[in-house]
Each structure stands twice: as C-alpha cells, then as structure tokens.
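> Got a structure for you, questions after.
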Protein chains: 2
Amino acid sequence: MTPPPAAHALADTVASIAPPDADVERATLAAMDMKVKPRGSLGRLEALAARIAAIRGTATPGRLHPAVVVCAGDHGVAREGVSAYPQEVTRQMLATYAGGGAAVCVLAREAGADLVVVDCGVAEPIDDPRVLRRRQGPGTASIADGPAMTRAQAEAALEAGIGLVDELHAGGAGLVALGEMGIGNTTSASALCAALLPADPAEVCGPGTGLDGAGVTRKVAVVRRALEANRPDPADPLGVLAALGGFEIATLAGVVLGAAARRMPVLLDGAITTAAALVAVRIAPAAHGALLAAHLSPEPAHRRALAALGLAPIVDLGMRLGEGSGAALALPVVGASLAVLADMATFADAGVSDSGA
Amino acid sequence: MTPPPAAHALADTVASIAPPDADVERATLAAMDMKVKPRGSLGRLEALAARIAAIRGTATPGRLHPAVVVCAGDHGVAREGVSAYPQEVTRQMLATYAGGGAAVCVLAREAGADLVVVDCGVAEPIDDPRVLRRRQGPGTASIADGPAMTRAQAEAALEAGIGLVDELHAGGAGLVALGEMGIGNTTSASALCAALLPADPAEVCGPGTGLDGAGVTRKVAVVRRALEANRPDPADPLGVLAALGGFEIATLAGVVLGAAARRMPVLLDGAITTAAALVAVRIAPAAHGALLAAHLSPEPAHRRALAALGLAPIVDLGMRLGEGSGAALALPVVGASLAVLADMATFADAGVSDSGA
C-alpha cells in the first residue's frame with residue numbers, strides 16, 4: 001500500500017487519454033488498399049491493423065512487443081461457495097504462473113510475449129521474486145455483505161495499474177494483454193456488469209470455472225445480495241468498483257487507463273478483464289478506443305460486456321479458462337495484422353496488374 | 001510432365017491411408033484433463049490437439065514444423081470473364097511469392113512456417129529457382145467447353161502432389177498448410193463443388209477476388225455450361241477432377257492424399273483448397289481424418305464444402321484472399337494447441353488443488 005508517485009495521479013492520467021486518431025485510421029486503410037491483394041480481402045486483419053495504427057497515432061506502427069499482465073487477488077465472496085475451487089488455488093496458481101507451467105505461460109511464450117505476474121492482494125502472499133507485489137490488502141471483504149474495499153484502496157489499485165504500464169512501457173512493451181486470477185472473481189465481475197450495464201444478475205452470472213446449475217443459482221443470489229448491500233450508483237464508477245470489485249480487477253482497470261494514456265492497445269481476455277475495462281471506460285470514456293477483444297468465452301457477462309463496449313472478438317474457440325489465455329492465444333493474429341501492414345508489397349512494388357477490385 | 005516414380009503410385013498411396021487413431025484421441029483428451037485448468041476450459045484447443053495427436057498416431061506429437069504449399073495454375077475458363085483480374089496476374093503473383101512480398105509470405109514467416117511455391121501449370125512459366133516446377137501443361141482447357149485436362153494429367157498432378165509431400169516430409173515438415181493461386185480458379189472450385197456435393201451452381205458461386213453481381217451471374221452461367229459440357233459423374237472423382245479441376249487443384253488434392261498417408265495434418269485455406277480436399281476425400285475417404293479447417297471465407301462454395309466435410313473453421317475473420325493466407329494465419333493457433341499439450345503442467349506437477357470441475 002505504497003502511496004503512488006504524483007506522476008501516476010489518477011486524474012492526470014484520465015485527463016491525458018486521447019481517442020484513436022481517425023485520420024491515421026483512414027490513411028492506414030488506404031495503405032492497405034495499395035497492398036498486392038484485392039481490396040478488403042484480408043477482412044478484419046485490415047481493420048485491426050488500422051485501429052492499432054490509430055491507437056498508436058501513426059500509420060506505420062511497426063511491430064509492437066506484447067506484454068501479458070496477469071493480476072491476481074482474493075475475494076471475500078469466495079466463502080459464499082461461488083467457485084468450484086477453494087480459495088487457496090489463487091495462491092497456488094500464482095506459483096504456477098511464476099513457474100511457467102500454466103496455460104497463459106505456455107501461450108505467452110508461443111506468442112513471444114513477456115509475462116508479468118502481479119499479486120494485487122491475494123490472501124497470503126507468496127515469496128517469489130518473479131511475482132510483482134502491488135498488494136492493496138489480504139483479499140477483499142465479501143461484496144455480499146458490503147463494499148469489497150475502500151475508495152482509497154480502489155484508487156490505489158487503479159494507480160498501481162497505471163504504474164505497471166509505466167514500467168512495461170519503459171521496458172519496451174507496445175501492447176498490453178490482460179489476464180487475471182482470483183477464486184470468486186467471476187462473481188465480482190458479474191456484479192460489476194450487473195451494476196454498470198446494467199443487467200439483471202441472472203443475465204450475467206454463469207458457471208465460471210465449472211459451477212453446476214445449483215452453483216450458478218447460488219451465485220445469482222449472492223450478486224443480488226451484493227447489489228442490495230451496496231446499492232451501487234453507476235454514475236460513480238469508482239464507487240461501484242470499490243463496492244463490487246476486486247484488487248486484481250481494480251488494478252487491471254488501472255492498466256487499461258495507463259495503456260490508453262500511453263497509446264498502447266489493450267487486448268482483453270474474458271469476463272473479468274472485460275469487466276475491468278468496463279469500469280475503466282466508465283471512469284474515462286476516451287479509454288474505449290484502446291480496447292481490442294481477443295476472444296469470446298461462454299461466460300454470459302463476457303458477451304454482454306463486449307456488446308456494451310461494441311467490441312467483436314478476434315477468435316471464438318469456447319475458451320473459458322481466464323488467466324489471460326484467450327488474450328495470449330489471439331496475440332499472433334494481432335501481430336499478423338501489423339506484419340501485413342509493415343511488410344506486404346504494394347501492387348507497384350510487385351509489378352502486379354491491379355484491377356481495382 | 002516427368003512420369004512419377006513408382007513409389008508415388010496413386011493407388012498405393014490411397015491404399016496406405018489410415019484414419020486417425022481414436023484410442024490416441026481419447027488418451028490425449030484424458031491427458032488434457034490432467035492439466036492445471038478446469039476440465040475443457042481451453043475449449044476447441046483441446047480437441048484440436050487431440051485430433052492432431054490422433055492423426056500423428058501418438059499422444060505426444062510434440063511440435064510440428066509447418067510448411068505452407070502454394071500451388072499455382074492457369075485456367076482456360078479465365079477467358080470467359082469470370083475473374084476481376086487478367087490471367088497474367090497468376091504469373092505475376094508467382095513472382096511475388098518468390099520475392100516474399102505477398103500476404104501468404106508475410107503470414108507464413110510470422111508463423112515460422114516454410115513456404116513452398118509450386119508452378120503446377122501456369123500459362124507461361126517464370127524463370128525463378130525459388131519456384132518448384134511440377135507443370136502438367138500451360139494452363140488448362142476451358143471447362144466451359146469440355147474437360148480441363150486429360151485423366152492422365154489429373155493422375156500426374158495428383159502424383160506430383162504426393163511427391164511434394166514426400167519432399168516436405170524428408171525436409172522435416174510435420175504439418176502441411178495449403179494455398180493456391182490461379183486466375184479463374186474459384187470458378188473451377190465452384191464447378192467441382194457443384195458436381196461433388198452436389199449443389200446448384202447458384203449456391204456455390206460467389207464474387208471470388210471481387211466480381212460484381214453481373215460477374216457472379218456470368219460465373220454461374222459458365223459453371224452451368226461446364227456441367228452440361230462435361231456431364232461429370234460424382235462416382236468417378238478422378239473424372240470429375242479432370243473435367244472441372246485445375247492443375248493446382250489436382251496437385252493440392254495429391255498433397256492431401258500424400259499428407260494423409262504420412263499421418264501429417266492438412267490445414268485447409270479457402271474455397272479452392274477445400275474443393276481440392278473434397279476431391280481427395282472422394283478418391284480416398286480415409287483422408288478425411290487428416291483435414292483441419294483454418295478459416296471461413298465469404299465464398300459460398302467454402303461454407304458448403306466445409307459443411308459437407310463436417311469441418312469447423314478455427315478463425316472467421318472475413319478473409320477472402322486465398323493463396324494460403326487464412327491457413328497461415330491459423331497456424332499459430334494450431335501450434336498453441338500442441339504447445340499446451342506438450343508444455344502445460346498437470347495439477348500434480350503444480351501442486352494445485354483439483355476440484356474435478
């Protein structure tokens with residue numbers, strides 16, 4: 001709970017976020033039309049490259065080195081029986097991320113991405129130098145009974161996320177992919193979506209890592225209790241975050257704000273990271289332009305939140321693991337779009353007859 | 001038109017094709033259930049890895065070095081005005097593939113794949129050592145007036161494809177991704193699909209590289225003429241191939257047969273490569289098990305042929321360029337599935353509590 005340096009002040013970061021550059025986006029699409037292929041024939045790869053160019057503010061963004069940021073935190077609400085796994089799995093998985101054996105580790109390596117693992121507030125910290133400590137506390141209080149955290153903790157977590165992006169940026173990263181771990185955090189994400197979209201809890205609660213039907217019913221009831229206990233006001237997104245969020249979700253929302261301020265694209269993963277992005281966009285609407293949806297999970301909050309954000313997933317393979325696995329899997333497609341923009345010959349370069357089709 | 005070595009005899013290859021090993025597929029799915037993640041939570045990545053393991057005949061397939069094979073040929077039917085581009089573009093694009101500036105070159109490099117470019121019979125060969133010559137003639141005759149090629153040419157092209165796989169296999173490739181180039185070849189692919197599915201020409205003809213509505217209407221009429229001129233018999237797939245195919249399509253069908261015989265997975269691209277696979281499967285039904293669908297293009301023959309083959313695409317990004325671009329784009333997802341199988345820790349390795357969810 002180190003106080004954030006002044007340079008990371010939340011208000012300053014929010015004020016500095018610019019939307020993607022629409023002129024650059026148009027110029028990049030026009031450059032794609034000169035490449036040696038029928039117009040538009042690379043489909044969404046073309047729009048993806050143009051959007052990334054617009055986020056970066058240059059029609060020649062080159063390659064972007066990706067970093068996958070996995071934020072972990074524990075949730076008081078886990079004691080309500082809303083997960084198929086016991087709370088200690090959060091800590092066990094942190095060790096697994098550090099050791100390199102988790103899905104997100106394998107997929108990040110495949111994508112040539114750095115993997116940054118952050119303890120944002122698990123119940124009991126692990127002693128491993130490969131895990132960054134940005135702890136706001138030993139897990140949140142249960143949202144079913146009152147606020148998860150104080151407003152000051154929510155702000156500190158947001159600023160910790162902004163600070164993480166500063167470090168990644170200094171280390172050469174050009175794009176951030178989000179990941180998370182926290183037993184109980186689909187309940188927190190569902191509650192955030194219910195409050196912010198808004199939506200009925202039954203429309204945004206799903207099986208998470210593997211609840212059965214009775215478990216989902218229990219989760220819906222817990223989210224209803226959380227909304228009643230906290231009466232969140234969607235016009236006060238920081239208050240909603242403090243009431244219903246988690247330390248990892250708040251930190252991820254800060255990563256979104258920091259990345260948007262630094263013109264770095266943000267690749268979302270599943271329901272939890274998308275809920276974090278929803279919080280960030282409610283705090284700073286201009287951050288919306290930096291978001292890219294990697295994949296679609298079967299968790300209902302994910303589909304609802306992506307739709308509210310107007311984002312179309314890059315892949316849809318029924319993945320529902322979280323931890324950044326979907327984002328890491330989609331990274332090569334993002335890289336491919338930038339490679340096409342950077343490296344493909346034009347009709348003129350190649351001496352190929354252009355029909356204009 | 002070198003006679004094929006005896007080892008490549010078509011009948012021998014067809015006879016040697018075994019279906020994927022169902023026991024290995026089950027064992028691989030069971031191994032995936034031990035990985036440190038909720039059961040099934042990596043979605044289609046798990047089934048993809050298990051299918052590849054079954055094709056290879058081992059539950060530990062490791063990584064597979066991919067080769068993208070781009071086969072090119074010219075089509076007499078191009079003179080019927082069925083393409084947005086003039087015929088010389090086939091030859092110009094061969095030079096662009098050799099030079100490394102085409103989309104498939106960029107995407108294959110991104111995926112760490114070898115790119116093999118093959119002249120299967122363009123109208124006029126190019127003098128470039130980076131292009132393999134497996135020519136069956138200077139382009140086909142127009143399918144609108146009679147058979148595209150002789151049965152002997154179709155057989156020779158199939159055997160050339162089998163021979164290409166022998167070379168790739170000797171060079172260390174473990175997986176083959178298909179690509180193609182040939183002005184007019186969506187017309188040939190549509191005619192093959194119309195004959196083999198079967199389907200009405202209006203259901204399988206689309207804009208190809210960029211025809212307008214009048215062009216598509218013309219293409220439908222040309223395919224109807226081709227069916228009337230050739231009266232193809234679906235019970236004689238080699239005859240259908242000779243009547244309506246192209247040299248690159250016939251060679252690709254041979255690549256499918258050769259790869260299936262060598263237990264190498266085959267990643268399809270768009271409508272043309274899928275039509276080639278349809279021909280291969282009609283010649284050797286056991287080859288079906290080796291096929292993987294990379295993506296879905298908007299070309300109607302593609303959707304119809306994939307459905308007939310029972311294949312679900314890995315990505316769907318509206319790509320319609322052909323040349324292997326969709327297959328190359330999907331290669332990292334295939335690689336990711338194998339990396340997960342090879343490298344992910346188990347619950348026991350990681351010391352993580354397993355709920356069995």
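Residue names in the structure tokens use chain letters A, B, ... in the order shown, residue numbers from 1 in each chain, and ligand numbers from 1 in the order shown.
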Write out as a PyMOL selection string every residue belonging to chain B that has an atom at most 8 Å from any atom of chain A, counting only C-alpha atoms.
chain B and resi 36-38+41-45+84-86+89+92-93+96+101-103+106-107+110+209-211+314-321+329+332-333+335-336+339-340+343-345+350-355+357
> Mind checking which residues fall within 8 Å of Pro201 in chain A, counting only C-alpha atoms, ignoring those fewer than 6 positions away in the same chain, and posting them as a PyMOL selection string?
chain A and resi 190-191+194+220+223-224
> From a backbone DSSP assignment, name each residue in range 80-263 of chain B labelled strand (DSSP E), as a list in words.
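Everything in range 80-263 of chain B that counts as strand (DSSP E) is Asp114, Leu115, Val116, Val117, Val118, Asp119, Cys120, Gly121, Val131, Leu132, Arg133, Leu175, Val176, Ala177, Leu178, Gly179, Glu180 and Met181 of chain B.
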> Pick from B:Leu196, B:Ala67, B:Leu115, B:Ile249: nearest to Leu168 in chain B, with only C-alpha atoms counted?
B:Ala67
> Considering only C-alpha atoms, return as a PDB file with N, CA, C and O atoms, in the first residue's frame whatever protein or nucleic-acid residues lie within 10 Å of Ala275 in chain B, sequence-local ones (same chain, fewer than 6 positions apart) excluded.

ATOM      1  N   THR B 186     -11.641 -19.905 -58.671  1.00  0.00           N
ATOM      2  CA  THR B 186     -12.880 -20.077 -57.892  1.00  0.00           C
ATOM      3  C   THR B 186     -13.989 -20.654 -58.780  1.00  0.00           C
ATOM      4  O   THR B 186     -14.879 -21.337 -58.291  1.00  0.00           O
ATOM      5  N   SER B 188     -13.485 -22.924 -61.174  1.00  0.00           N
ATOM      6  CA  SER B 188     -13.203 -24.360 -61.193  1.00  0.00           C
ATOM      7  C   SER B 188     -13.621 -25.005 -59.869  1.00  0.00           C
ATOM      8  O   SER B 188     -14.264 -26.069 -59.855  1.00  0.00           O
ATOM      9  N   ALA B 189     -13.279 -24.338 -58.748  1.00  0.00           N
ATOM     10  CA  ALA B 189     -13.636 -24.890 -57.425  1.00  0.00           C
ATOM     11  C   ALA B 189     -15.151 -24.955 -57.265  1.00  0.00           C
ATOM     12  O   ALA B 189     -15.692 -25.932 -56.718  1.00  0.00           O
ATOM     13  N   SER B 190     -15.847 -23.921 -57.741  1.00  0.00           N
ATOM     14  CA  SER B 190     -17.309 -23.914 -57.637  1.00  0.00           C
ATOM     15  C   SER B 190     -17.906 -25.037 -58.472  1.00  0.00           C
ATOM     16  O   SER B 190     -18.861 -25.704 -58.042  1.00  0.00           O
ATOM     17  N   ALA B 191     -17.339 -25.273 -59.658  1.00  0.00           N
ATOM     18  CA  ALA B 191     -17.837 -26.353 -60.515  1.00  0.00           C
ATOM     19  C   ALA B 191     -17.595 -27.719 -59.860  1.00  0.00           C
ATOM     20  O   ALA B 191     -18.463 -28.597 -59.887  1.00  0.00           O
ATOM     21  N   LEU B 192     -16.415 -27.889 -59.251  1.00  0.00           N
ATOM     22  CA  LEU B 192     -16.140 -29.151 -58.549  1.00  0.00           C
ATOM     23  C   LEU B 192     -17.124 -29.362 -57.404  1.00  0.00           C
ATOM     24  O   LEU B 192     -17.641 -30.468 -57.209  1.00  0.00           O
ATOM     25  N   CYS B 193     -17.398 -28.302 -56.655  1.00  0.00           N
ATOM     26  CA  CYS B 193     -18.350 -28.431 -55.542  1.00  0.00           C
ATOM     27  C   CYS B 193     -19.750 -28.720 -56.069  1.00  0.00           C
ATOM     28  O   CYS B 193     -20.467 -29.558 -55.503  1.00  0.00           O
ATOM     29  N   LEU B 196     -19.719 -32.397 -57.011  1.00  0.00           N
ATOM     30  CA  LEU B 196     -19.437 -33.422 -55.996  1.00  0.00           C
ATOM     31  C   LEU B 196     -20.362 -33.358 -54.788  1.00  0.00           C
ATOM     32  O   LEU B 196     -20.605 -34.380 -54.133  1.00  0.00           O
ATOM     33  N   LEU B 197     -20.859 -32.149 -54.435  1.00  0.00           N
ATOM     34  CA  LEU B 197     -21.647 -32.078 -53.181  1.00  0.00           C
ATOM     35  C   LEU B 197     -22.927 -32.881 -53.283  1.00  0.00           C
ATOM     36  O   LEU B 197     -23.235 -33.632 -52.336  1.00  0.00           O
ATOM     37  N   LEU B 241     -12.442 -34.457 -61.457  1.00  0.00           N
ATOM     38  CA  LEU B 241     -11.261 -33.602 -61.332  1.00  0.00           C
ATOM     39  C   LEU B 241     -10.703 -33.244 -62.705  1.00  0.00           C
ATOM     40  O   LEU B 241     -10.393 -32.073 -62.977  1.00  0.00           O
ATOM     41  N   GLY B 245     -11.433 -29.512 -62.891  1.00  0.00           N
ATOM     42  CA  GLY B 245     -10.390 -29.026 -61.987  1.00  0.00           C
ATOM     43  C   GLY B 245      -9.392 -28.106 -62.651  1.00  0.00           C
ATOM     44  O   GLY B 245      -9.613 -27.563 -63.744  1.00  0.00           O
ATOM     45  N   ILE B 249      -5.278 -27.372 -58.418  1.00  0.00           N
ATOM     46  CA  ILE B 249      -6.257 -28.058 -57.571  1.00  0.00           C
ATOM     47  C   ILE B 249      -5.962 -29.556 -57.529  1.00  0.00           C
ATOM     48  O   ILE B 249      -5.997 -30.183 -56.461  1.00  0.00           O
ATOM     49  N   ALA B 250      -5.630 -30.115 -58.675  1.00  0.00           N
ATOM     50  CA  ALA B 250      -5.311 -31.551 -58.720  1.00  0.00           C
ATOM     51  C   ALA B 250      -4.041 -31.844 -57.918  1.00  0.00           C
ATOM     52  O   ALA B 250      -3.958 -32.849 -57.200  1.00  0.00           O
ATOM     53  N   LEU B 252      -2.954 -30.089 -55.369  1.00  0.00           N
ATOM     54  CA  LEU B 252      -3.315 -29.953 -53.953  1.00  0.00           C
ATOM     55  C   LEU B 252      -4.081 -31.175 -53.454  1.00  0.00           C
ATOM     56  O   LEU B 252      -3.889 -31.608 -52.308  1.00  0.00           O
ATOM     57  N   ALA B 253      -4.942 -31.734 -54.298  1.00  0.00           N
ATOM     58  CA  ALA B 253      -5.632 -32.969 -53.898  1.00  0.00           C
ATOM     59  C   ALA B 253      -4.606 -34.066 -53.651  1.00  0.00           C
ATOM     60  O   ALA B 253      -4.734 -34.863 -52.698  1.00  0.00           O
ATOM     61  N   LEU B 268      -6.499 -26.589 -44.236  1.00  0.00           N
ATOM     62  CA  LEU B 268      -7.094 -26.033 -45.454  1.00  0.00           C
ATOM     63  C   LEU B 268      -7.117 -24.509 -45.392  1.00  0.00           C
ATOM     64  O   LEU B 268      -7.082 -23.920 -44.321  1.00  0.00           O
ATOM     65  N   VAL B 281     -10.951 -36.560 -50.747  1.00  0.00           N
ATOM     66  CA  VAL B 281     -11.750 -37.412 -49.866  1.00  0.00           C
ATOM     67  C   VAL B 281     -12.670 -38.331 -50.672  1.00  0.00           C
ATOM     68  O   VAL B 281     -12.957 -39.454 -50.251  1.00  0.00           O
ATOM     69  N   ALA B 301     -18.968 -21.435 -51.847  1.00  0.00           N
ATOM     70  CA  ALA B 301     -18.502 -22.818 -52.011  1.00  0.00           C
ATOM     71  C   ALA B 301     -17.705 -23.271 -50.792  1.00  0.00           C
ATOM     72  O   ALA B 301     -17.687 -24.464 -50.468  1.00  0.00           O
ATOM     73  N   HIS B 302     -17.063 -22.327 -50.117  1.00  0.00           N
ATOM     74  CA  HIS B 302     -16.241 -22.699 -48.975  1.00  0.00           C
ATOM     75  C   HIS B 302     -17.105 -23.210 -47.838  1.00  0.00           C
ATOM     76  O   HIS B 302     -16.875 -24.285 -47.286  1.00  0.00           O
ATOM     77  N   ARG B 304     -20.139 -24.333 -47.973  1.00  0.00           N
ATOM     78  CA  ARG B 304     -20.818 -25.570 -48.348  1.00  0.00           C
ATOM     79  C   ARG B 304     -19.883 -26.772 -48.285  1.00  0.00           C
ATOM     80  O   ARG B 304     -20.259 -27.847 -47.807  1.00  0.00           O
ATOM     81  N   ALA B 305     -18.663 -26.586 -48.786  1.00  0.00           N
ATOM     82  CA  ALA B 305     -17.729 -27.715 -48.803  1.00  0.00           C
ATOM     83  C   ALA B 305     -17.272 -28.072 -47.388  1.00  0.00           C
ATOM     84  O   ALA B 305     -17.154 -29.258 -47.051  1.00  0.00           O
ATOM     85  N   LEU B 306     -17.026 -27.064 -46.542  1.00  0.00           N
ATOM     86  CA  LEU B 306     -16.651 -27.364 -45.154  1.00  0.00           C
ATOM     87  C   LEU B 306     -17.772 -28.108 -44.442  1.00  0.00           C
ATOM     88  O   LEU B 306     -17.523 -29.055 -43.683  1.00  0.00           O
TER      89      LEU B 306
END
> If we count only C-alpha atoms and set the cut-off at 10 Å, which residues sit around range 150-156 of chain A, ignoring sequence neighbours fewer than 6 positions away in its own chain? Please answer as a PyMOL selection string.
chain A and resi 1-4+9-10+134-137+140-141+162+238-243+245-247+249-251+253-254
> Taking into account only C-alpha atoms, which residue in the set A:Ala327, A:Ala214, A:Leu338, A:Ala53 is nearest to Val69 in chain A?
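So, comparing all the options, the nearest one is A:Ala327.
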> Apply DSSP to the backbone of this structure and, from range 146-342 of chain B, keep only the residues in alpha helix (DSSP H); write these as number ranges by chain.
B: 151-170, 185-196, 201-204, 213-230, 237-244, 247-261, 271-283, 300-309, 325-342
> Do you have the CA of Ala290 in chain B-CA of Arg51 in chain B distance handy?
8.6 Å
> Go ahead and compute the interatomic distance for CA of Ala259 in chain A and CA of Arg303 in chain A, in Å to one decimal.
23.0 Å
> What is the CA of Ala261 in chain A-CA of Val14 in chain A distance in Å, reported with one decimal?
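Spanning CA of Ala261 in chain A to CA of Val14 in chain A is a straight-line distance of 7.3 Å.
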> Counting only C-alpha atoms, figure out which residue out of A:Asp119, A:Ala199, A:His65, A:Glu25 gets nearest to Ala47 in chain A.
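Closest candidate: A:Glu25.
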